[in-house]
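This is start39.cif. It holds mmCIF, C-alpha atoms and all ligand atoms.
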data_work
#
loop_
_atom_site.group_PDB
_atom_site.id
_atom_site.type_symbol
_atom_site.label_atom_id
_atom_site.label_comp_id
_atom_site.auth_asym_id
_atom_site.auth_seq_id
_atom_site.Cartn_x
_atom_site.Cartn_y
_atom_site.Cartn_z
ATOM 1 C CA MET A 1 -35.615 138.248 -71.573
ATOM 2 C CA SER A 2 -37.792 140.710 -69.694
ATOM 3 C CA ASN A 3 -40.753 139.003 -68.098
ATOM 4 C CA PRO A 4 -42.414 137.718 -71.268
ATOM 5 C CA ASP A 5 -45.673 139.294 -72.428
ATOM 6 C CA GLN A 6 -45.880 141.792 -69.618
ATOM 7 C CA THR A 7 -45.502 145.464 -68.956
ATOM 8 C CA GLN A 8 -44.208 146.575 -65.603
ATOM 9 C CA ARG A 9 -44.095 150.064 -64.162
ATOM 10 C CA PHE A 10 -41.526 151.443 -61.743
ATOM 11 C CA LEU A 11 -40.726 154.716 -60.008
ATOM 12 C CA PHE A 12 -37.570 156.253 -58.680
ATOM 13 C CA ASP A 13 -38.375 157.307 -55.133
ATOM 14 C CA ASP A 14 -37.807 160.960 -54.240
ATOM 15 C CA THR A 15 -37.830 161.978 -57.926
ATOM 16 C CA HIS A 16 -40.477 162.641 -60.570
ATOM 17 C CA ILE A 17 -39.081 159.962 -62.823
ATOM 18 C CA ARG A 18 -41.077 156.934 -63.788
ATOM 19 C CA GLY A 19 -40.280 153.967 -65.932
ATOM 20 C CA GLU A 20 -41.901 151.174 -67.880
ATOM 21 C CA ILE A 21 -40.382 147.930 -68.976
ATOM 22 C CA THR A 22 -41.828 145.367 -71.352
ATOM 23 C CA GLY A 23 -40.956 142.050 -72.913
ATOM 24 C CA LEU A 24 -42.876 140.297 -75.661
ATOM 25 C CA HIS A 25 -42.687 136.703 -76.746
ATOM 26 C CA SER A 26 -45.919 134.818 -77.560
ATOM 27 C CA SER A 27 -47.776 137.981 -78.545
ATOM 28 C CA TYR A 28 -44.903 138.917 -80.892
ATOM 29 C CA GLN A 29 -44.607 135.399 -82.288
ATOM 30 C CA GLU A 30 -48.303 135.312 -83.021
ATOM 31 C CA VAL A 31 -48.082 138.536 -85.033
ATOM 32 C CA LEU A 32 -45.110 137.191 -87.006
ATOM 33 C CA SER A 33 -46.885 133.880 -87.665
ATOM 34 C CA LYS A 34 -49.630 135.600 -89.706
ATOM 35 C CA HIS A 35 -47.357 136.773 -92.538
ATOM 36 C CA ASN A 36 -44.051 135.783 -94.003
ATOM 37 C CA TYR A 37 -42.142 138.940 -93.066
ATOM 38 C CA PRO A 38 -38.493 139.544 -94.027
ATOM 39 C CA GLU A 39 -36.267 139.588 -90.956
ATOM 40 C CA PRO A 40 -35.695 143.374 -90.794
ATOM 41 C CA VAL A 41 -39.469 143.880 -90.928
ATOM 42 C CA GLN A 42 -39.886 141.319 -88.131
ATOM 43 C CA ARG A 43 -37.500 143.332 -85.973
ATOM 44 C CA LEU A 44 -39.245 146.602 -86.782
ATOM 45 C CA LEU A 45 -42.621 145.064 -85.902
ATOM 46 C CA GLY A 46 -41.180 143.905 -82.569
ATOM 47 C CA GLU A 47 -39.924 147.395 -81.770
ATOM 48 C CA PHE A 48 -43.277 148.937 -82.614
ATOM 49 C CA MET A 49 -45.122 146.355 -80.527
ATOM 50 C CA ALA A 50 -42.835 146.985 -77.558
ATOM 51 C CA ALA A 51 -43.354 150.729 -78.045
ATOM 52 C CA VAL A 52 -47.170 150.570 -78.016
ATOM 53 C CA ALA A 53 -47.066 148.295 -74.970
ATOM 54 C CA LEU A 54 -44.888 150.842 -73.127
ATOM 55 C CA LEU A 55 -46.897 153.868 -74.220
ATOM 56 C CA SER A 56 -50.236 152.218 -73.505
ATOM 57 C CA ASP A 57 -49.134 151.490 -69.974
ATOM 58 C CA THR A 58 -48.526 155.202 -69.380
ATOM 59 C CA LEU A 59 -52.240 155.902 -70.057
ATOM 60 C CA LYS A 60 -54.429 156.154 -67.011
ATOM 61 C CA PHE A 61 -57.609 155.148 -68.832
ATOM 62 C CA ARG A 62 -58.830 152.235 -70.921
ATOM 63 C CA GLY A 63 -58.613 152.669 -74.661
ATOM 64 C CA THR A 64 -56.545 151.925 -77.737
ATOM 65 C CA LEU A 65 -53.139 153.390 -78.465
ATOM 66 C CA SER A 66 -51.677 152.900 -81.912
ATOM 67 C CA LEU A 67 -48.615 153.864 -83.898
ATOM 68 C CA GLN A 68 -48.914 153.976 -87.646
ATOM 69 C CA VAL A 69 -46.160 154.776 -90.093
ATOM 70 C CA ARG A 70 -46.476 155.579 -93.752
ATOM 71 C CA GLY A 71 -43.046 155.595 -95.234
ATOM 72 C CA ALA A 72 -41.358 156.057 -98.542
ATOM 73 C CA GLY A 73 -38.836 153.295 -97.864
ATOM 74 C CA GLN A 74 -39.071 149.515 -98.014
ATOM 75 C CA VAL A 75 -41.867 149.393 -95.474
ATOM 76 C CA ARG A 76 -44.832 151.274 -96.883
ATOM 77 C CA MET A 77 -47.041 150.902 -93.851
ATOM 78 C CA LEU A 78 -46.609 149.595 -90.369
ATOM 79 C CA MET A 79 -49.172 149.689 -87.641
ATOM 80 C CA ALA A 80 -49.129 148.418 -84.080
ATOM 81 C CA GLU A 81 -51.733 148.904 -81.425
ATOM 82 C CA CYS A 82 -52.335 148.062 -77.802
ATOM 83 C CA ARG A 83 -55.876 147.992 -76.467
ATOM 84 C CA ASN A 84 -56.757 148.425 -72.796
ATOM 85 C CA HIS A 85 -53.125 147.897 -71.747
ATOM 86 C CA GLU A 86 -53.313 144.211 -72.665
ATOM 87 C CA ALA A 87 -54.296 143.313 -76.242
ATOM 88 C CA LEU A 88 -51.665 143.738 -78.949
ATOM 89 C CA ARG A 89 -51.799 143.441 -82.705
ATOM 90 C CA ALA A 90 -49.568 144.686 -85.511
ATOM 91 C CA ILE A 91 -49.140 144.519 -89.251
ATOM 92 C CA ALA A 92 -46.672 145.695 -91.892
ATOM 93 C CA GLN A 93 -46.809 146.147 -95.650
ATOM 94 C CA TYR A 94 -43.567 146.254 -97.572
ATOM 95 C CA ASN A 95 -42.387 146.471 -101.153
ATOM 96 C CA ASP A 96 -42.403 143.337 -103.263
ATOM 97 C CA ASP A 97 -38.785 143.923 -104.180
ATOM 98 C CA PHE A 98 -37.802 144.142 -100.542
ATOM 99 C CA SER A 99 -34.098 144.566 -100.076
ATOM 100 C CA PRO A 100 -32.536 144.705 -96.620
ATOM 101 C CA GLU A 101 -29.811 147.062 -97.857
ATOM 102 C CA VAL A 102 -32.236 149.870 -98.569
ATOM 103 C CA ASP A 103 -33.664 152.102 -95.908
ATOM 104 C CA LEU A 104 -36.611 150.499 -94.118
ATOM 105 C CA LEU A 105 -38.889 153.455 -93.484
ATOM 106 C CA GLY A 106 -37.411 156.269 -95.548
ATOM 107 C CA LYS A 107 -39.017 159.656 -95.218
ATOM 108 C CA GLY A 108 -42.464 159.479 -93.859
ATOM 109 C CA GLN A 109 -44.873 160.224 -91.128
ATOM 110 C CA MET A 110 -45.855 158.491 -87.972
ATOM 111 C CA ALA A 111 -49.202 158.995 -86.307
ATOM 112 C CA ILE A 112 -49.788 158.326 -82.649
ATOM 113 C CA THR A 113 -53.480 157.798 -82.037
ATOM 114 C CA ILE A 114 -55.173 157.434 -78.683
ATOM 115 C CA GLU A 115 -58.815 156.407 -78.592
ATOM 116 C CA PRO A 116 -60.150 156.341 -75.056
ATOM 117 C CA GLU A 117 -63.128 154.086 -74.371
ATOM 118 C CA LYS A 118 -64.840 157.231 -73.172
ATOM 119 C CA GLY A 119 -63.850 160.630 -74.467
ATOM 120 C CA LYS A 120 -62.235 162.253 -77.450
ATOM 121 C CA ARG A 121 -59.873 160.656 -79.904
ATOM 122 C CA TYR A 122 -56.435 162.228 -80.019
ATOM 123 C CA GLN A 123 -53.917 162.079 -82.839
ATOM 124 C CA GLY A 124 -50.407 163.478 -83.053
ATOM 125 C CA VAL A 125 -48.223 163.282 -86.149
ATOM 126 C CA VAL A 126 -44.424 163.298 -86.278
ATOM 127 C CA SER A 127 -42.316 163.233 -89.368
ATOM 128 C CA ILE A 128 -39.549 160.766 -89.896
ATOM 129 C CA ASP A 129 -36.651 162.150 -91.862
ATOM 130 C CA ASP A 130 -33.352 160.879 -93.143
ATOM 131 C CA HIS A 131 -31.487 161.699 -89.968
ATOM 132 C CA GLN A 132 -33.824 160.333 -87.420
ATOM 133 C CA HIS A 133 -34.665 156.839 -88.280
ATOM 134 C CA SER A 134 -34.920 154.986 -85.091
ATOM 135 C CA LEU A 135 -38.339 154.678 -83.562
ATOM 136 C CA GLU A 136 -36.750 155.585 -80.239
ATOM 137 C CA ARG A 137 -35.705 159.040 -81.507
ATOM 138 C CA VAL A 138 -39.045 159.623 -83.234
ATOM 139 C CA LEU A 139 -40.950 158.884 -80.030
ATOM 140 C CA GLU A 140 -38.648 161.034 -77.942
ATOM 141 C CA ASP A 141 -39.166 163.919 -80.369
ATOM 142 C CA TYR A 142 -42.886 163.417 -80.203
ATOM 143 C CA PHE A 143 -42.971 163.684 -76.416
ATOM 144 C CA ARG A 144 -40.683 166.692 -76.428
ATOM 145 C CA GLN A 145 -42.741 168.583 -79.004
ATOM 146 C CA SER A 146 -46.295 167.708 -78.144
ATOM 147 C CA GLU A 147 -46.337 166.772 -74.494
ATOM 148 C CA GLN A 148 -43.200 168.543 -73.331
ATOM 149 C CA ILE A 149 -42.404 165.528 -71.210
ATOM 150 C CA ARG A 150 -38.804 164.425 -71.130
ATOM 151 C CA THR A 151 -38.822 160.874 -72.382
ATOM 152 C CA ARG A 152 -36.222 158.308 -73.351
ATOM 153 C CA VAL A 153 -37.032 155.002 -75.003
ATOM 154 C CA TRP A 154 -34.911 151.905 -75.627
ATOM 155 C CA LEU A 155 -36.236 149.172 -77.899
ATOM 156 C CA ALA A 156 -34.906 145.835 -79.079
ATOM 157 C CA ALA A 157 -36.272 142.942 -81.126
ATOM 158 C CA ASP A 158 -34.640 139.980 -82.815
ATOM 159 C CA GLY A 159 -37.489 138.090 -84.473
ATOM 160 C CA GLN A 160 -37.875 135.852 -81.406
ATOM 161 C CA GLN A 161 -38.588 138.402 -78.721
ATOM 162 C CA ALA A 162 -39.002 142.103 -78.314
ATOM 163 C CA ALA A 163 -38.270 144.339 -75.355
ATOM 164 C CA GLY A 164 -38.579 147.966 -74.379
ATOM 165 C CA LEU A 165 -37.643 150.371 -71.634
ATOM 166 C CA LEU A 166 -39.089 153.860 -71.163
ATOM 167 C CA LEU A 167 -38.097 156.612 -68.743
ATOM 168 C CA GLN A 168 -40.130 159.761 -68.255
ATOM 169 C CA ALA A 169 -39.610 162.833 -66.105
ATOM 170 C CA MET A 170 -43.069 163.871 -65.035
ATOM 171 C CA PRO A 171 -44.010 167.533 -64.746
ATOM 172 C CA GLN A 172 -43.947 168.439 -61.060
ATOM 173 C CA SER A 173 -47.101 170.452 -60.916
ATOM 174 C CA ALA A 174 -49.627 170.360 -63.705
ATOM 175 C CA SER A 175 -51.840 172.833 -61.833
ATOM 176 C CA GLU A 176 -49.283 175.604 -62.213
ATOM 177 C CA GLY A 177 -48.947 174.826 -65.881
ATOM 178 C CA SER A 178 -45.261 174.639 -65.188
ATOM 179 C CA LEU A 179 -43.175 171.950 -66.784
ATOM 180 C CA GLU A 180 -40.276 172.280 -64.463
ATOM 181 C CA MET A 181 -38.751 168.856 -64.107
ATOM 182 C CA GLY A 182 -37.003 169.037 -60.792
ATOM 183 C CA ASP A 183 -34.188 166.657 -60.111
ATOM 184 C CA ASP A 184 -32.092 167.172 -63.245
ATOM 185 C CA ASP A 185 -29.200 165.256 -61.776
ATOM 186 C CA ALA A 186 -31.368 162.229 -61.158
ATOM 187 C CA TRP A 187 -32.640 162.322 -64.749
ATOM 188 C CA ASP A 188 -29.151 162.541 -66.207
ATOM 189 C CA ARG A 189 -27.962 159.780 -63.910
ATOM 190 C CA VAL A 190 -30.720 157.239 -64.672
ATOM 191 C CA VAL A 191 -30.607 157.979 -68.423
ATOM 192 C CA HIS A 192 -26.851 157.502 -68.374
ATOM 193 C CA LEU A 193 -27.289 154.171 -66.578
ATOM 194 C CA ALA A 194 -29.994 153.024 -68.993
ATOM 195 C CA ASP A 195 -27.769 153.946 -71.930
ATOM 196 C CA THR A 196 -25.327 151.256 -70.831
ATOM 197 C CA LEU A 197 -27.933 148.583 -71.545
ATOM 198 C CA THR A 198 -27.174 146.419 -74.566
ATOM 199 C CA GLU A 199 -29.798 144.948 -76.876
ATOM 200 C CA ALA A 200 -28.636 141.479 -75.892
ATOM 201 C CA GLU A 201 -29.246 142.320 -72.225
ATOM 202 C CA MET A 202 -32.658 143.751 -72.977
ATOM 203 C CA LEU A 203 -33.627 140.575 -74.788
ATOM 204 C CA SER A 204 -32.142 138.156 -72.256
ATOM 205 C CA LEU A 205 -32.571 139.550 -68.721
ATOM 206 C CA ASP A 206 -35.763 139.305 -66.699
ATOM 207 C CA ASN A 207 -37.150 142.572 -65.306
ATOM 208 C CA ALA A 208 -35.808 142.203 -61.779
ATOM 209 C CA THR A 209 -32.308 141.363 -62.981
ATOM 210 C CA LEU A 210 -32.327 144.129 -65.567
ATOM 211 C CA LEU A 211 -33.546 146.792 -63.134
ATOM 212 C CA PHE A 212 -31.007 145.669 -60.543
ATOM 213 C CA ARG A 213 -28.218 145.614 -63.117
ATOM 214 C CA LEU A 214 -29.003 149.225 -64.119
ATOM 215 C CA PHE A 215 -30.341 150.926 -61.050
ATOM 216 C CA HIS A 216 -29.092 149.056 -57.970
ATOM 217 C CA GLU A 217 -27.819 152.293 -56.480
ATOM 218 C CA GLU A 218 -31.161 154.062 -56.968
ATOM 219 C CA LYS A 219 -34.321 153.668 -54.915
ATOM 220 C CA VAL A 220 -36.611 151.908 -57.364
ATOM 221 C CA ARG A 221 -40.180 150.989 -56.534
ATOM 222 C CA VAL A 222 -41.584 148.314 -58.849
ATOM 223 C CA PHE A 223 -45.294 147.745 -59.400
ATOM 224 C CA PRO A 224 -46.986 144.459 -60.291
ATOM 225 C CA GLY A 225 -46.725 143.510 -63.969
ATOM 226 C CA ARG A 226 -49.636 143.572 -66.395
ATOM 227 C CA ASP A 227 -50.117 140.708 -68.839
ATOM 228 C CA LEU A 228 -50.163 141.252 -72.596
ATOM 229 C CA ARG A 229 -51.476 139.007 -75.338
ATOM 230 C CA PHE A 230 -52.132 139.018 -79.049
ATOM 231 C CA GLU A 231 -55.751 139.764 -79.810
ATOM 232 C CA CYS A 232 -57.519 141.035 -82.886
ATOM 233 C CA THR A 233 -60.556 143.261 -82.812
ATOM 234 C CA CYS A 234 -62.153 141.960 -85.996
ATOM 235 C CA THR A 235 -65.613 140.417 -85.749
ATOM 236 C CA ARG A 236 -68.164 139.028 -88.170
ATOM 237 C CA GLU A 237 -70.475 141.833 -87.110
ATOM 238 C CA ARG A 238 -67.968 144.496 -88.196
ATOM 239 C CA CYS A 239 -67.538 142.830 -91.574
ATOM 240 C CA GLY A 240 -71.316 142.789 -91.877
ATOM 241 C CA ASN A 241 -71.373 146.520 -91.174
ATOM 242 C CA ALA A 242 -68.783 147.068 -93.903
ATOM 243 C CA ILE A 243 -71.060 145.230 -96.337
ATOM 244 C CA LEU A 244 -73.977 147.431 -95.282
ATOM 245 C CA MET A 245 -71.790 150.444 -96.086
ATOM 246 C CA LEU A 246 -71.415 149.142 -99.644
ATOM 247 C CA GLY A 247 -75.175 149.376 -100.083
ATOM 248 C CA GLN A 248 -77.516 146.606 -101.141
ATOM 249 C CA LEU A 249 -77.106 147.141 -104.873
ATOM 250 C CA GLU A 250 -73.342 146.804 -104.871
ATOM 251 C CA ALA A 251 -73.398 143.919 -102.375
ATOM 252 C CA GLU A 252 -75.853 142.013 -104.584
ATOM 253 C CA GLN A 253 -73.692 142.702 -107.627
ATOM 254 C CA ILE A 254 -70.670 141.137 -105.943
ATOM 255 C CA ILE A 255 -72.759 138.126 -104.893
ATOM 256 C CA ALA A 256 -74.007 137.778 -108.488
ATOM 257 C CA GLU A 257 -70.427 137.839 -109.808
ATOM 258 C CA GLU A 258 -68.508 136.007 -107.078
ATOM 259 C CA GLY A 259 -71.187 133.961 -105.331
ATOM 260 C CA TYR A 260 -70.177 135.407 -101.948
ATOM 261 C CA ILE A 261 -68.498 138.349 -100.270
ATOM 262 C CA GLN A 262 -65.366 137.509 -98.388
ATOM 263 C CA SER A 263 -63.391 139.675 -96.052
ATOM 264 C CA ASP A 264 -59.982 138.550 -94.756
ATOM 265 C CA CYS A 265 -58.628 140.247 -91.679
ATOM 266 C CA GLN A 266 -55.073 141.356 -92.424
ATOM 267 C CA PHE A 267 -54.077 141.277 -88.777
ATOM 268 C CA CYS A 268 -55.151 137.773 -87.801
ATOM 269 C CA ARG A 269 -55.981 136.117 -91.177
ATOM 270 C CA GLN A 270 -59.488 135.271 -90.033
ATOM 271 C CA GLN A 271 -61.795 134.896 -93.042
ATOM 272 C CA TYR A 272 -65.368 136.064 -92.965
ATOM 273 C CA ARG A 273 -67.575 134.873 -95.788
ATOM 274 C CA PHE A 274 -71.113 136.057 -96.509
ATOM 275 C CA ASP A 275 -73.266 134.196 -99.025
ATOM 276 C CA GLN A 276 -76.471 135.431 -100.613
ATOM 277 C CA ALA A 277 -78.662 134.431 -97.673
ATOM 278 C CA ASP A 278 -76.283 136.131 -95.222
ATOM 279 C CA VAL A 279 -76.284 139.335 -97.241
ATOM 280 C CA GLU A 280 -80.073 139.327 -97.583
ATOM 281 C CA ALA A 281 -80.369 138.826 -93.830
ATOM 282 C CA LEU A 282 -77.994 141.756 -93.190
ATOM 283 C CA PHE A 283 -80.093 144.167 -95.228
ATOM 284 C CA ALA A 284 -83.396 142.789 -93.912
ATOM 285 C CA ASP A 285 -82.094 143.337 -90.400
ATOM 286 C CA LEU A 286 -81.016 146.872 -91.294
ATOM 287 C CA ARG A 287 -84.521 147.666 -92.619
ATOM 288 C CA HIS A 288 -86.013 146.165 -89.474
ATOM 289 C CA ARG A 289 -83.776 148.327 -87.264
ATOM 290 C CA THR A 290 -84.386 151.569 -89.138
ATOM 291 C CA ASN A 291 -88.177 151.185 -89.443
HETATM 292 ZN ZN ZN A 301 -58.599 139.994 -87.138
#
Could you render the structure from this file as structure tokens?
Amino acid sequence: MSNPDQTQRFLFDDTHIRGEITGLHSSYQEVLSKHNYPEPVQRLLGEFMAAVALLSDTLKFRGTLSLQVRGAGQVRMLMAECRNHEALRAIAQYNDDFSPEVDLLGKGQMAITIEPEKGKRYQGVVSIDDHQHSLERVLEDYFRQSEQIRTRVWLAADGQQAAGLLLQAMPQSASEGSLEMGDDDAWDRVVHLADTLTEAEMLSLDNATLLFRLFHEEKVRVFPGRDLRFECTCTRERCGNAILMLGQLEAEQIIAEEGYIQSDCQFCRQQYRFDQADVEALFADLRHRTN
């Protein structure tokens, strides 16, 4: 497969075309190990994870990029995110009567959210309709409509590994506000070459072999790869903050009924339990901080 758990950027010299390639193994396996997903959902999760890894690597700043789908099909919700170009997590919720014959996502909406470490949060929404089911087409539409950047995406996942390839024709001069792409021939040529790639090749070839197999007649400049890993952002502190949001009265009521308040992270299955003393300490600390 592509170099496992890495993203790698490349450029076509003398053009305004750039590319990203990614392969996921351990990070993908770790996400799948948290829930007992049906196989089609496993593949969809892999494609989404590869997509956020690719898209995150196109960002020039640190922050979190996520894709979230709410569908009317078998998969009600699917979310994947990549933080600071390196930390991946993903989750899916699907119908209890899951059937692989029925459409996975159905009609729905996909949100692309970018939260820079510093600066404003951005969200774009694209609809998914009956005719445009693949994540590849949805992402390409998104870039065409909102960013006006010509983009092509290829994704593959088989429950063991996931892989992705992205090509983008960068605007030549942002200062002129012009989105003229330049080298049309080069774009058509590299897209045509990339279209010959099979899913099996994407999942089995390492980056160097894959790029050579596709683009050996082009001048490709490859940059060092960036490592990816599974990592969740949940913390005991955040769960504590959620309890503070409930308010002391409600928190104490739950303690009185249940004996404790427990929060299970859906992404990583980590359990956070707060007993009466913990909850009292949370609110005492809050009073201390606000006085
Ligand atoms: Zn977690």
Tell me, as a ChimeraX atom specification, which residues lie within 12 Å of A:Arg70, counting all atoms listed in the file; anything in the same chain fewer than 2 positions away does not count. /A:67-68,72-79,92-94,104-112,125-129
Output, as AutoDock Vina command-line options, the centre and edge lengths in Å (one decimal) of the axis-aligned box that contains all listed atoms of stretch 230-241 of chain A with 8 Å of margin on each side.
--center_x -61.8 --center_y 142.8 --center_z -85.5 --size_x 35.2 --size_y 23.5 --size_z 28.8
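Listed by chain and then by number, the residues chosen by the PyMOL selection byres (((chain A and resi 143) around 12) and not hetatm) in this file are A:Leu55, A:Ile112, A:Gly124, A:Val125, A:Val126, A:Glu136, A:Arg137, A:Val138, A:Leu139, A:Glu140, A:Asp141, A:Tyr142, A:Arg144, A:Gln145, A:Ser146, A:Glu147, A:Gln148, A:Ile149, A:Arg150, A:Thr151, A:Arg152, A:Val153, A:Leu166, A:Leu167, A:Gln168, A:Ala169, A:Met170.
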Please provide as a PDB file with C-alpha atoms, in the coordinates of the input all residues within 8 Å of A:Val190, with the sequence filter that same-chain residues fewer than 4 positions apart are discarded (counting all atoms listed in the file).
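Output saved as around20.pdb:
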ATOM      1  CA  ALA A 186     -31.368 162.229 -61.158  1.00  0.00           C
ATOM      2  CA  ALA A 194     -29.994 153.024 -68.993  1.00  0.00           C
ATOM      3  CA  PHE A 215     -30.341 150.926 -61.050  1.00  0.00           C
TER       4      PHE A 215
END
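Taking all atoms listed in the file into account, every polymer residue with at least one atom at most 10 Å away from ligand ZN 301 (chain A) is listed here: A:Arg89, A:Glu231, A:Cys232, A:Thr233, A:Cys234, A:Thr235, A:Arg236, A:Asp264, A:Cys265, A:Gln266, A:Phe267, A:Cys268, A:Arg269, A:Gln270, A:Gln271, A:Tyr272.
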Residues near stretch 246-251 of chain A, cut-off 8 Å, only C-alpha atoms, skip fewer than 3 positions along chain, as a ChimeraX atom specification: /A:242-243,254-255,261,279,283
Best match for closeness to A:Asp188 among A:Met245, A:Ile17, A:Leu205, A:Leu11, counting only C-alpha atoms: A:Ile17
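A straight line drawn from atom CA of A:Gln42 to atom CA of A:Val191 is 27.4 Å long.
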Just add N, CA and C atoms to stretch 264-284 of chain A and send it as a PDB file, in the frame of the given file.
ATOM      1  N   ASP A 264     -61.067 139.192 -95.509  1.00  0.00           N
ATOM      2  CA  ASP A 264     -59.982 138.550 -94.756  1.00  0.00           C
ATOM      3  C   ASP A 264     -59.342 139.592 -93.856  1.00  0.00           C
ATOM      4  N   CYS A 265     -59.283 139.297 -92.583  1.00  0.00           N
ATOM      5  CA  CYS A 265     -58.628 140.247 -91.679  1.00  0.00           C
ATOM      6  C   CYS A 265     -57.117 140.170 -91.884  1.00  0.00           C
ATOM      7  N   GLN A 266     -56.516 141.317 -92.170  1.00  0.00           N
ATOM      8  CA  GLN A 266     -55.073 141.356 -92.424  1.00  0.00           C
ATOM      9  C   GLN A 266     -54.255 141.115 -91.157  1.00  0.00           C
ATOM     10  N   PHE A 267     -54.824 141.423 -90.031  1.00  0.00           N
ATOM     11  CA  PHE A 267     -54.077 141.277 -88.777  1.00  0.00           C
ATOM     12  C   PHE A 267     -53.990 139.821 -88.331  1.00  0.00           C
ATOM     13  N   CYS A 268     -55.124 139.114 -88.407  1.00  0.00           N
ATOM     14  CA  CYS A 268     -55.151 137.773 -87.801  1.00  0.00           C
ATOM     15  C   CYS A 268     -55.450 136.674 -88.827  1.00  0.00           C
ATOM     16  N   ARG A 269     -55.707 137.049 -90.077  1.00  0.00           N
ATOM     17  CA  ARG A 269     -55.981 136.117 -91.177  1.00  0.00           C
ATOM     18  C   ARG A 269     -57.329 135.407 -91.046  1.00  0.00           C
ATOM     19  N   GLN A 270     -58.146 135.844 -90.136  1.00  0.00           N
ATOM     20  CA  GLN A 270     -59.488 135.271 -90.033  1.00  0.00           C
ATOM     21  C   GLN A 270     -60.263 135.623 -91.301  1.00  0.00           C
ATOM     22  N   GLN A 271     -60.999 134.630 -91.847  1.00  0.00           N
ATOM     23  CA  GLN A 271     -61.795 134.896 -93.042  1.00  0.00           C
ATOM     24  C   GLN A 271     -63.278 134.947 -92.668  1.00  0.00           C
ATOM     25  N   TYR A 272     -63.926 135.946 -93.183  1.00  0.00           N
ATOM     26  CA  TYR A 272     -65.368 136.064 -92.965  1.00  0.00           C
ATOM     27  C   TYR A 272     -66.049 136.009 -94.321  1.00  0.00           C
ATOM     28  N   ARG A 273     -66.917 135.025 -94.499  1.00  0.00           N
ATOM     29  CA  ARG A 273     -67.575 134.873 -95.788  1.00  0.00           C
ATOM     30  C   ARG A 273     -69.085 135.042 -95.629  1.00  0.00           C
ATOM     31  N   PHE A 274     -69.669 135.818 -96.528  1.00  0.00           N
ATOM     32  CA  PHE A 274     -71.113 136.057 -96.509  1.00  0.00           C
ATOM     33  C   PHE A 274     -71.688 135.585 -97.835  1.00  0.00           C
ATOM     34  N   ASP A 275     -72.620 134.628 -97.780  1.00  0.00           N
ATOM     35  CA  ASP A 275     -73.266 134.196 -99.025  1.00  0.00           C
ATOM     36  C   ASP A 275     -74.545 135.010 -99.232  1.00  0.00           C
ATOM     37  N   GLN A 276     -75.289 134.635-100.255  1.00  0.00           N
ATOM     38  CA  GLN A 276     -76.471 135.431-100.613  1.00  0.00           C
ATOM     39  C   GLN A 276     -77.464 135.543 -99.451  1.00  0.00           C
ATOM     40  N   ALA A 277     -77.703 134.419 -98.792  1.00  0.00           N
ATOM     41  CA  ALA A 277     -78.662 134.431 -97.673  1.00  0.00           C
ATOM     42  C   ALA A 277     -78.165 135.336 -96.543  1.00  0.00           C
ATOM     43  N   ASP A 278     -76.853 135.274 -96.277  1.00  0.00           N
ATOM     44  CA  ASP A 278     -76.283 136.131 -95.222  1.00  0.00           C
ATOM     45  C   ASP A 278     -76.476 137.609 -95.554  1.00  0.00           C
ATOM     46  N   VAL A 279     -76.194 137.935 -96.827  1.00  0.00           N
ATOM     47  CA  VAL A 279     -76.284 139.335 -97.241  1.00  0.00           C
ATOM     48  C   VAL A 279     -77.734 139.813 -97.192  1.00  0.00           C
ATOM     49  N   GLU A 280     -78.650 138.955 -97.650  1.00  0.00           N
ATOM     50  CA  GLU A 280     -80.073 139.327 -97.583  1.00  0.00           C
ATOM     51  C   GLU A 280     -80.493 139.562 -96.134  1.00  0.00           C
ATOM     52  N   ALA A 281     -80.018 138.694 -95.253  1.00  0.00           N
ATOM     53  CA  ALA A 281     -80.369 138.826 -93.830  1.00  0.00           C
ATOM     54  C   ALA A 281     -79.821 140.133 -93.253  1.00  0.00           C
ATOM     55  N   LEU A 282     -78.594 140.502 -93.679  1.00  0.00           N
ATOM     56  CA  LEU A 282     -77.994 141.756 -93.190  1.00  0.00           C
ATOM     57  C   LEU A 282     -78.875 142.950 -93.518  1.00  0.00           C
ATOM     58  N   PHE A 283     -79.313 143.001 -94.800  1.00  0.00           N
ATOM     59  CA  PHE A 283     -80.093 144.167 -95.228  1.00  0.00           C
ATOM     60  C   PHE A 283     -81.513 144.122 -94.673  1.00  0.00           C
ATOM     61  N   ALA A 284     -82.059 142.917 -94.513  1.00  0.00           N
ATOM     62  CA  ALA A 284     -83.396 142.789 -93.912  1.00  0.00           C
ATOM     63  C   ALA A 284     -83.344 143.289 -92.472  1.00  0.00           C
TER      64      ALA A 284
END
